[in-house]
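Have a look at the structure below, then the notes.
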Amino acid sequence: MSLTRPDLDALPAYVPGRSVPGAIKLASNEVPYGPLPGVVEAVTEAVAGVHRYPDMGVVALRDRIAERLGVEADRIATGCGSVALTEHLLRTACLPGDEVVYPWRSFEAYPIIAATTAATSVRIPNTADHAHDLDAMAAAITDKTRLVIVCNPNNPTGTAVRRAELDAFLDKVPSNVLVALDEAYREFVTDDTVPDGLAAYGDRPNVVVLRTLSKAWGLAGLRVGYLVGSPAVAAAVRKVVTPFSTSGAAQAAALAALSAEDEMLRRVALVCAERERVVTAVRKLYPEVPETQSNFFWLPLGDQSADFAAKCEQAGVIVRAFQGDGVRVTIGTPEENDQFLSALGI
Ligand SMILES: Cc1ncc(COP(=O)(O)O)c(C=O)c1O
């Protein structure tokens with residue numbers, strides 16, 4: 001007899017983007033320009049205190065985020081990356097057998113989190129354009145649904161939901177069902193018809209916004225994400241957060257990064273300009289690449305995905321294949337992107 005839950009055997013493991021010595025990594029949606037100014041110094045200073053537990057209330061950082069966003073700090077919870085907050089949110093919202101509705105393909109952590117929290121996954125296939133099918137998602141809500149996840153922009157397809165369709169969708173969701181707007185890539189959105197979830201819907205008590213400092217803010221390795229919800233939802237999430245999981249170094253780094261917003265915006269602008277250049281070039285060979293509002297793009301290559309990734313790897317570039325479905329390519333530095341394009345013979 002197995003010592004662990006037998007249903008986990010059928011669960012696909014989370015696959016991190018691979019790091020291969022000497023190769024360029026365009027596989028994990030990181031920003032390639034190093035930590036933001038002030039971060040290394042802040043972490044170095046924080047390290048001197050690692051024999052003590054950090055501030056469990058994460059007060060200074062929550063206050064800073066609250067001030068930035070123009071909300072009260074009691075609406076914020078921080079966690080070990082926004083992936084952990086997604087899990088905490090499910091644990092907060094769902095009892096075993098309750099349903100969580102999300103688009104598919106989307107962030108690969110969603111099915112894992114749903115299964116391990118014993119919620120039932122209701123996956124709604126994306127449209128032919130690789131975007132959320134919000135009508136089908138709304139229609140999938142039942143008496144058992146506790147949470148719906150909207151990933152905007154969507155990982156790994158890069159597509160985004162616009163204001164009018166999200167307004168209409170949210171109006172259809174019953175007020176006793178939570179909607180998580182996963183905005184891990186919000187900073188890369190350049191189309192102003194794609195709403196800022198907090199500005200547009202922050203006053204709806206059933207809307208929760210998930211953000212991360214891993215991507216645009218350059219802190220993937222230190223694991224800081226945050227959630228903004230109603231005071232009641234945020235308090236419930238703070239109850240289930242693993243104690244002390246936002247480490248002292250992470251808190252210090254996040255405060256330093258948030259003080260370097262101008263540099264963050266400069267880097268994001270570089271990434272978005274490169275996105276335009278690379279996607280335009282790639283579409284000459286693969287016109288089916290969908291629009292992207294993120295720091296990556298999607299090649300819907302189906303069964304060719306693994307071969308494509310292997311070919312890139314031979315040319316020293318690691319991309320992320322989802323065999324049978326497509327390949328996600330992160331935008332890197334101009335030189336890295338050139339190496340990717342030349343791997344394709346462009
Ligand atoms: C859509 C989405 N949400 C959340 C996350 C989680 O990021 P982190 O846990 O690093 O904050 C990711 C990371 O890849 C993501 O793609």
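Scheme for the structure tokens: letters A, B, ... for chains in order shown; per-chain residue numbers from 1; ligand numbers from 1 in order shown.
Proximity to Gly229 of chain A at 7 Å, evaluated using only C-alpha atoms and with sequence-adjacent residues fewer than 4 positions away removed, yields Arg75, Ile76, Val207, Val208, Val209, Val233 and Ala234 of chain A.
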Selected residues, N, CA and C atoms, written as a PDB file, in the first residue's frame, please.
```pdb
ATOM      1  N   ARG A  75      -6.061  44.770   3.485  1.00  0.00           N
ATOM      2  CA  ARG A  75      -6.547  44.060   2.288  1.00  0.00           C
ATOM      3  C   ARG A  75      -5.445  43.234   1.627  1.00  0.00           C
ATOM      4  N   ILE A  76      -4.255  43.246   2.233  1.00  0.00           N
ATOM      5  CA  ILE A  76      -3.101  42.605   1.575  1.00  0.00           C
ATOM      6  C   ILE A  76      -2.596  41.400   2.361  1.00  0.00           C
ATOM      7  N   VAL A 207     -13.749  39.878  -5.630  1.00  0.00           N
ATOM      8  CA  VAL A 207     -12.585  39.877  -6.532  1.00  0.00           C
ATOM      9  C   VAL A 207     -11.284  39.937  -5.713  1.00  0.00           C
ATOM     10  N   VAL A 208     -10.366  39.076  -6.097  1.00  0.00           N
ATOM     11  CA  VAL A 208      -9.052  39.019  -5.448  1.00  0.00           C
ATOM     12  C   VAL A 208      -8.011  39.178  -6.554  1.00  0.00           C
ATOM     13  N   VAL A 209      -7.036  40.049  -6.332  1.00  0.00           N
ATOM     14  CA  VAL A 209      -5.990  40.254  -7.337  1.00  0.00           C
ATOM     15  C   VAL A 209      -4.686  39.640  -6.816  1.00  0.00           C
ATOM     16  N   VAL A 233     -11.377  38.478   3.179  1.00  0.00           N
ATOM     17  CA  VAL A 233     -10.679  37.435   2.403  1.00  0.00           C
ATOM     18  C   VAL A 233      -9.182  37.496   2.690  1.00  0.00           C
ATOM     19  N   ALA A 234      -8.623  38.701   2.722  1.00  0.00           N
ATOM     20  CA  ALA A 234      -7.179  38.823   2.978  1.00  0.00           C
ATOM     21  C   ALA A 234      -6.839  38.284   4.365  1.00  0.00           C
TER      22      ALA A 234
END
```
**Prompt:** Just asking: which residues within segment 126-336 of chain A are alpha helix (DSSP H) according to DSSP, as an NGL selection string?
**Reply:** :A and (134-139 or 163-172 or 197-201 or 231-240 or 248-258 or 261-285 or 305-314 or 334-336)
Q.
Set the distance at 9 Å and use only C-alpha atoms: which residues neighbour segment 258-267 of chain A once local chain neighbours fewer than 5 positions away are removed? I'd like the list as number ranges by chain.
A. A: 31, 33, 36-39, 64-65, 68, 187, 213, 216-218, 253, 272
Convert the current residue selection to file output with N, CA, C and O atoms, as a PDB file, in the first residue's frame.
```pdb
ATOM      1  N   VAL A  31      12.880  38.353 -16.033  1.00  0.00           N
ATOM      2  CA  VAL A  31      13.459  39.526 -16.705  1.00  0.00           C
ATOM      3  C   VAL A  31      14.986  39.388 -16.583  1.00  0.00           C
ATOM      4  O   VAL A  31      15.495  39.094 -15.505  1.00  0.00           O
ATOM      5  N   TYR A  33      17.694  41.245 -16.616  1.00  0.00           N
ATOM      6  CA  TYR A  33      18.647  42.323 -16.341  1.00  0.00           C
ATOM      7  C   TYR A  33      19.198  42.362 -14.908  1.00  0.00           C
ATOM      8  O   TYR A  33      19.713  43.386 -14.477  1.00  0.00           O
ATOM      9  N   LEU A  36      17.159  44.577  -9.258  1.00  0.00           N
ATOM     10  CA  LEU A  36      17.036  46.041  -9.370  1.00  0.00           C
ATOM     11  C   LEU A  36      18.044  46.715  -8.431  1.00  0.00           C
ATOM     12  O   LEU A  36      18.487  46.118  -7.437  1.00  0.00           O
ATOM     13  N   PRO A  37      18.425  47.977  -8.711  1.00  0.00           N
ATOM     14  CA  PRO A  37      19.390  48.674  -7.859  1.00  0.00           C
ATOM     15  C   PRO A  37      18.914  48.712  -6.398  1.00  0.00           C
ATOM     16  O   PRO A  37      17.727  48.947  -6.142  1.00  0.00           O
ATOM     17  N   GLY A  38      19.849  48.453  -5.493  1.00  0.00           N
ATOM     18  CA  GLY A  38      19.529  48.494  -4.057  1.00  0.00           C
ATOM     19  C   GLY A  38      19.140  47.151  -3.479  1.00  0.00           C
ATOM     20  O   GLY A  38      19.171  46.961  -2.260  1.00  0.00           O
ATOM     21  N   VAL A  39      18.793  46.187  -4.335  1.00  0.00           N
ATOM     22  CA  VAL A  39      18.301  44.905  -3.832  1.00  0.00           C
ATOM     23  C   VAL A  39      19.435  44.091  -3.193  1.00  0.00           C
ATOM     24  O   VAL A  39      19.285  43.564  -2.085  1.00  0.00           O
ATOM     25  N   ARG A  64       3.911  49.320   2.533  1.00  0.00           N
ATOM     26  CA  ARG A  64       4.467  49.943   1.311  1.00  0.00           C
ATOM     27  C   ARG A  64       3.606  49.587   0.091  1.00  0.00           C
ATOM     28  O   ARG A  64       3.305  50.438  -0.749  1.00  0.00           O
ATOM     29  N   ILE A  65       3.216  48.317   0.004  1.00  0.00           N
ATOM     30  CA  ILE A  65       2.376  47.895  -1.133  1.00  0.00           C
ATOM     31  C   ILE A  65       1.034  48.628  -1.067  1.00  0.00           C
ATOM     32  O   ILE A  65       0.526  49.127  -2.082  1.00  0.00           O
ATOM     33  N   ARG A  68       1.413  52.151  -2.255  1.00  0.00           N
ATOM     34  CA  ARG A  68       1.595  52.182  -3.713  1.00  0.00           C
ATOM     35  C   ARG A  68       0.277  52.007  -4.440  1.00  0.00           C
ATOM     36  O   ARG A  68       0.001  52.622  -5.451  1.00  0.00           O
ATOM     37  N   GLU A 187       2.607  44.123 -15.362  1.00  0.00           N
ATOM     38  CA  GLU A 187       3.505  45.236 -15.721  1.00  0.00           C
ATOM     39  C   GLU A 187       3.850  45.259 -17.202  1.00  0.00           C
ATOM     40  O   GLU A 187       4.286  46.285 -17.726  1.00  0.00           O
ATOM     41  N   LEU A 213       6.347  39.802  -7.342  1.00  0.00           N
ATOM     42  CA  LEU A 213       7.571  40.579  -7.586  1.00  0.00           C
ATOM     43  C   LEU A 213       8.602  39.741  -8.336  1.00  0.00           C
ATOM     44  O   LEU A 213       9.736  40.147  -8.524  1.00  0.00           O
ATOM     45  N   ALA A 216       8.521  41.320 -13.412  1.00  0.00           N
ATOM     46  CA  ALA A 216       9.014  42.659 -13.733  1.00  0.00           C
ATOM     47  C   ALA A 216       9.956  43.197 -12.655  1.00  0.00           C
ATOM     48  O   ALA A 216      10.902  43.931 -12.948  1.00  0.00           O
ATOM     49  N   TRP A 217       9.711  42.834 -11.396  1.00  0.00           N
ATOM     50  CA  TRP A 217      10.483  43.397 -10.294  1.00  0.00           C
ATOM     51  C   TRP A 217      11.753  42.588  -9.999  1.00  0.00           C
ATOM     52  O   TRP A 217      12.506  42.915  -9.075  1.00  0.00           O
ATOM     53  N   GLY A 218      11.957  41.518 -10.753  1.00  0.00           N
ATOM     54  CA  GLY A 218      13.246  40.821 -10.710  1.00  0.00           C
ATOM     55  C   GLY A 218      13.568  40.039  -9.451  1.00  0.00           C
ATOM     56  O   GLY A 218      14.741  39.841  -9.139  1.00  0.00           O
ATOM     57  N   ALA A 253      14.331  42.786   0.330  1.00  0.00           N
ATOM     58  CA  ALA A 253      14.534  42.905  -1.114  1.00  0.00           C
ATOM     59  C   ALA A 253      13.316  43.530  -1.783  1.00  0.00           C
ATOM     60  O   ALA A 253      13.443  44.368  -2.686  1.00  0.00           O
ATOM     61  N   CYS A 272       9.236  45.046 -23.633  1.00  0.00           N
ATOM     62  CA  CYS A 272       8.054  45.182 -24.512  1.00  0.00           C
ATOM     63  C   CYS A 272       8.475  45.562 -25.937  1.00  0.00           C
ATOM     64  O   CYS A 272       7.870  45.086 -26.912  1.00  0.00           O
TER      65      CYS A 272
END
```
TODO: Using only C-alpha atoms and all ligand atoms, find each protein or nucleic acid residue lying at most 9 Å from ligand 1; present the set as an NGL selection string.
DONE: :A and (16 or 28-30 or 79-86 or 106-110 or 151-156 or 182-185 or 210-215 or 219-226)
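Across A:Val268, A:Ala115, A:Ala321, A:Leu170, the tightest approach to Asp135 of chain A is made by A:Leu170 when counting only C-alpha atoms.
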### Task
Tell me which protein, DNA and RNA residues are within 9 Å of Gly17 of chain A, counting only C-alpha atoms, leaving out same-chain ones fewer than 6 positions away, and put them as a list in words.
Lys25, Leu26, Ala27, Ser28, Asn29, Ile318, Val319 and Arg320 of chain A
Please, could you write that set of residues out with all heavy atoms as a PDB file, in the first residue's frame?
```pdb
ATOM      1  N   LYS A  25      18.661  31.007 -21.234  1.00  0.00           N
ATOM      2  CA  LYS A  25      17.399  30.505 -20.697  1.00  0.00           C
ATOM      3  C   LYS A  25      16.254  31.461 -21.028  1.00  0.00           C
ATOM      4  O   LYS A  25      16.173  32.554 -20.466  1.00  0.00           O
ATOM      5  CB  LYS A  25      17.526  30.337 -19.184  1.00  0.00           C
ATOM      6  CG  LYS A  25      16.329  29.693 -18.523  1.00  0.00           C
ATOM      7  CD  LYS A  25      16.546  29.613 -17.013  1.00  0.00           C
ATOM      8  CE  LYS A  25      15.327  29.065 -16.305  1.00  0.00           C
ATOM      9  NZ  LYS A  25      15.310  29.472 -14.887  1.00  0.00           N
ATOM     10  N   LEU A  26      15.400  31.009 -21.937  1.00  0.00           N
ATOM     11  CA  LEU A  26      14.196  31.785 -22.266  1.00  0.00           C
ATOM     12  C   LEU A  26      12.979  30.918 -21.903  1.00  0.00           C
ATOM     13  O   LEU A  26      12.054  30.761 -22.684  1.00  0.00           O
ATOM     14  CB  LEU A  26      14.179  32.146 -23.758  1.00  0.00           C
ATOM     15  CG  LEU A  26      15.368  32.978 -24.276  1.00  0.00           C
ATOM     16  CD1 LEU A  26      15.226  33.266 -25.767  1.00  0.00           C
ATOM     17  CD2 LEU A  26      15.509  34.282 -23.487  1.00  0.00           C
ATOM     18  N   ALA A  27      13.041  30.330 -20.709  1.00  0.00           N
ATOM     19  CA  ALA A  27      12.064  29.293 -20.368  1.00  0.00           C
ATOM     20  C   ALA A  27      11.253  29.577 -19.114  1.00  0.00           C
ATOM     21  O   ALA A  27      10.348  28.810 -18.786  1.00  0.00           O
ATOM     22  CB  ALA A  27      12.789  27.951 -20.189  1.00  0.00           C
ATOM     23  N   SER A  28      11.542  30.646 -18.382  1.00  0.00           N
ATOM     24  CA  SER A  28      10.852  30.829 -17.094  1.00  0.00           C
ATOM     25  C   SER A  28      10.255  32.211 -16.896  1.00  0.00           C
ATOM     26  O   SER A  28       9.902  32.576 -15.769  1.00  0.00           O
ATOM     27  CB  SER A  28      11.806  30.522 -15.934  1.00  0.00           C
ATOM     28  OG  SER A  28      12.151  29.159 -15.947  1.00  0.00           O
ATOM     29  N   ASN A  29      10.145  32.976 -17.982  1.00  0.00           N
ATOM     30  CA  ASN A  29       9.500  34.293 -17.916  1.00  0.00           C
ATOM     31  C   ASN A  29      10.148  35.253 -16.925  1.00  0.00           C
ATOM     32  O   ASN A  29       9.477  36.088 -16.318  1.00  0.00           O
ATOM     33  CB  ASN A  29       8.000  34.150 -17.615  1.00  0.00           C
ATOM     34  CG  ASN A  29       7.288  33.367 -18.689  1.00  0.00           C
ATOM     35  OD1 ASN A  29       7.816  33.193 -19.778  1.00  0.00           O
ATOM     36  ND2 ASN A  29       6.089  32.880 -18.387  1.00  0.00           N
ATOM     37  N   ILE A 318      17.273  27.660 -24.416  1.00  0.00           N
ATOM     38  CA  ILE A 318      16.284  26.813 -23.740  1.00  0.00           C
ATOM     39  C   ILE A 318      14.924  27.520 -23.767  1.00  0.00           C
ATOM     40  O   ILE A 318      14.800  28.651 -23.280  1.00  0.00           O
ATOM     41  CB  ILE A 318      16.673  26.552 -22.262  1.00  0.00           C
ATOM     42  CG1 ILE A 318      18.127  26.081 -22.157  1.00  0.00           C
ATOM     43  CG2 ILE A 318      15.723  25.543 -21.627  1.00  0.00           C
ATOM     44  CD1 ILE A 318      18.439  24.798 -22.853  1.00  0.00           C
ATOM     45  N   VAL A 319      13.931  26.873 -24.343  1.00  0.00           N
ATOM     46  CA  VAL A 319      12.560  27.396 -24.327  1.00  0.00           C
ATOM     47  C   VAL A 319      11.695  26.365 -23.602  1.00  0.00           C
ATOM     48  O   VAL A 319      12.175  25.307 -23.225  1.00  0.00           O
ATOM     49  CB  VAL A 319      12.036  27.665 -25.762  1.00  0.00           C
ATOM     50  CG1 VAL A 319      12.850  28.759 -26.442  1.00  0.00           C
ATOM     51  CG2 VAL A 319      12.050  26.388 -26.602  1.00  0.00           C
ATOM     52  N   ARG A 320      10.425  26.682 -23.409  1.00  0.00           N
ATOM     53  CA  ARG A 320       9.593  25.782 -22.606  1.00  0.00           C
ATOM     54  C   ARG A 320       8.537  25.130 -23.500  1.00  0.00           C
ATOM     55  O   ARG A 320       7.634  25.809 -24.000  1.00  0.00           O
ATOM     56  CB  ARG A 320       8.931  26.602 -21.498  1.00  0.00           C
ATOM     57  CG  ARG A 320       7.982  25.854 -20.621  1.00  0.00           C
ATOM     58  CD  ARG A 320       8.712  24.939 -19.634  1.00  0.00           C
ATOM     59  NE  ARG A 320       7.766  24.495 -18.617  1.00  0.00           N
ATOM     60  CZ  ARG A 320       6.954  23.454 -18.771  1.00  0.00           C
ATOM     61  NH1 ARG A 320       6.991  22.725 -19.853  1.00  0.00           N
ATOM     62  NH2 ARG A 320       6.101  23.140 -17.804  1.00  0.00           N
TER      63      ARG A 320
END
```
inquiry  = Show me, as number ranges by chain, the residues that have an atom within 9 Å of Phe308 of chain A when counting only C-alpha atoms, minus same-chain residues fewer than 4 positions from it.
reply    = A: 301, 304, 312-313, 319, 321, 327
For those residues, write N, CA, C and O atoms to a file as an mmCIF file, in the first residue's frame.
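Result went into selection_30.cif, see below:
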```
data_model
loop_
_atom_site.group_PDB
_atom_site.id
_atom_site.type_symbol
_atom_site.label_atom_id
_atom_site.label_comp_id
_atom_site.auth_asym_id
_atom_site.auth_seq_id
_atom_site.Cartn_x
_atom_site.Cartn_y
_atom_site.Cartn_z
ATOM 1 N N LEU A 301 2.464 24.838 -31.576
ATOM 2 C CA LEU A 301 3.066 23.880 -32.497
ATOM 3 C C LEU A 301 2.557 22.453 -32.315
ATOM 4 O O LEU A 301 3.034 21.543 -33.020
ATOM 5 N N GLN A 304 4.628 19.134 -32.625
ATOM 6 C CA GLN A 304 5.989 19.516 -33.018
ATOM 7 C C GLN A 304 6.740 20.235 -31.882
ATOM 8 O O GLN A 304 7.904 20.608 -32.044
ATOM 9 N N CYS A 312 16.006 24.259 -30.638
ATOM 10 C CA CYS A 312 16.489 25.490 -30.001
ATOM 11 C C CYS A 312 17.635 25.162 -29.039
ATOM 12 O O CYS A 312 18.635 25.871 -28.984
ATOM 13 N N GLU A 313 17.456 24.073 -28.285
ATOM 14 C CA GLU A 313 18.488 23.710 -27.301
ATOM 15 C C GLU A 313 19.820 23.402 -27.994
ATOM 16 O O GLU A 313 20.892 23.779 -27.510
ATOM 17 N N VAL A 319 13.931 26.873 -24.343
ATOM 18 C CA VAL A 319 12.560 27.396 -24.327
ATOM 19 C C VAL A 319 11.695 26.365 -23.602
ATOM 20 O O VAL A 319 12.175 25.307 -23.225
ATOM 21 N N ALA A 321 8.685 23.823 -23.698
ATOM 22 C CA ALA A 321 7.727 23.089 -24.528
ATOM 23 C C ALA A 321 6.628 22.476 -23.669
ATOM 24 O O ALA A 321 6.902 21.945 -22.592
ATOM 25 N N VAL A 327 4.806 25.870 -27.526
ATOM 26 C CA VAL A 327 6.087 26.246 -26.933
ATOM 27 C C VAL A 327 5.976 27.690 -26.465
ATOM 28 O O VAL A 327 5.484 28.545 -27.204
#
```
ask   = Neighbours of segment 280-292 of chain A within 6 Å (only C-alpha atoms; same-chain residues fewer than 6 positions away dropped), as a PyMOL selection string?
value = chain A and resi 158-159+298-299
Limited to C-alpha atoms, could you put the picked residues into a file as an mmCIF file, in the first residue's frame?
```cif
data_model
loop_
_atom_site.group_PDB
_atom_site.id
_atom_site.type_symbol
_atom_site.label_atom_id
_atom_site.label_comp_id
_atom_site.auth_asym_id
_atom_site.auth_seq_id
_atom_site.Cartn_x
_atom_site.Cartn_y
_atom_site.Cartn_z
ATOM 1 C CA GLY A 158 0.237 35.590 -23.543
ATOM 2 C CA THR A 159 -3.315 36.540 -24.536
ATOM 3 C CA TRP A 298 3.282 31.275 -27.599
ATOM 4 C CA LEU A 299 3.976 29.082 -30.575
#
```
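Take the candidates A:Ala236, A:Ala118, A:Ile112, A:Leu8 and check each one against Pro96 of chain A using only C-alpha atoms; the shortest distance goes to A:Ala118.
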Step one, run DSSP on the backbone; step two, keep only residues of segment 71-311 of chain A assigned to strand (DSSP E); then write them as JSON, numbers by chain. {"A": [76, 77, 78, 79, 99, 100, 101, 102, 103, 104, 120, 121, 122, 123, 124, 125, 145, 146, 147, 148, 149, 150, 151, 178, 179, 180, 181, 182, 207, 208, 209, 210, 211, 212, 225, 226, 227, 228, 296, 297, 298, 299, 300, 301, 302]}
- prompt: Hey, can you check how far atom CA of Val150 of chain A sits from atom CA of Val189 of chain A?
  reply: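 Taking atom CA of Val150 of chain A and atom CA of Val189 of chain A, their separation equals 15.3 Å.
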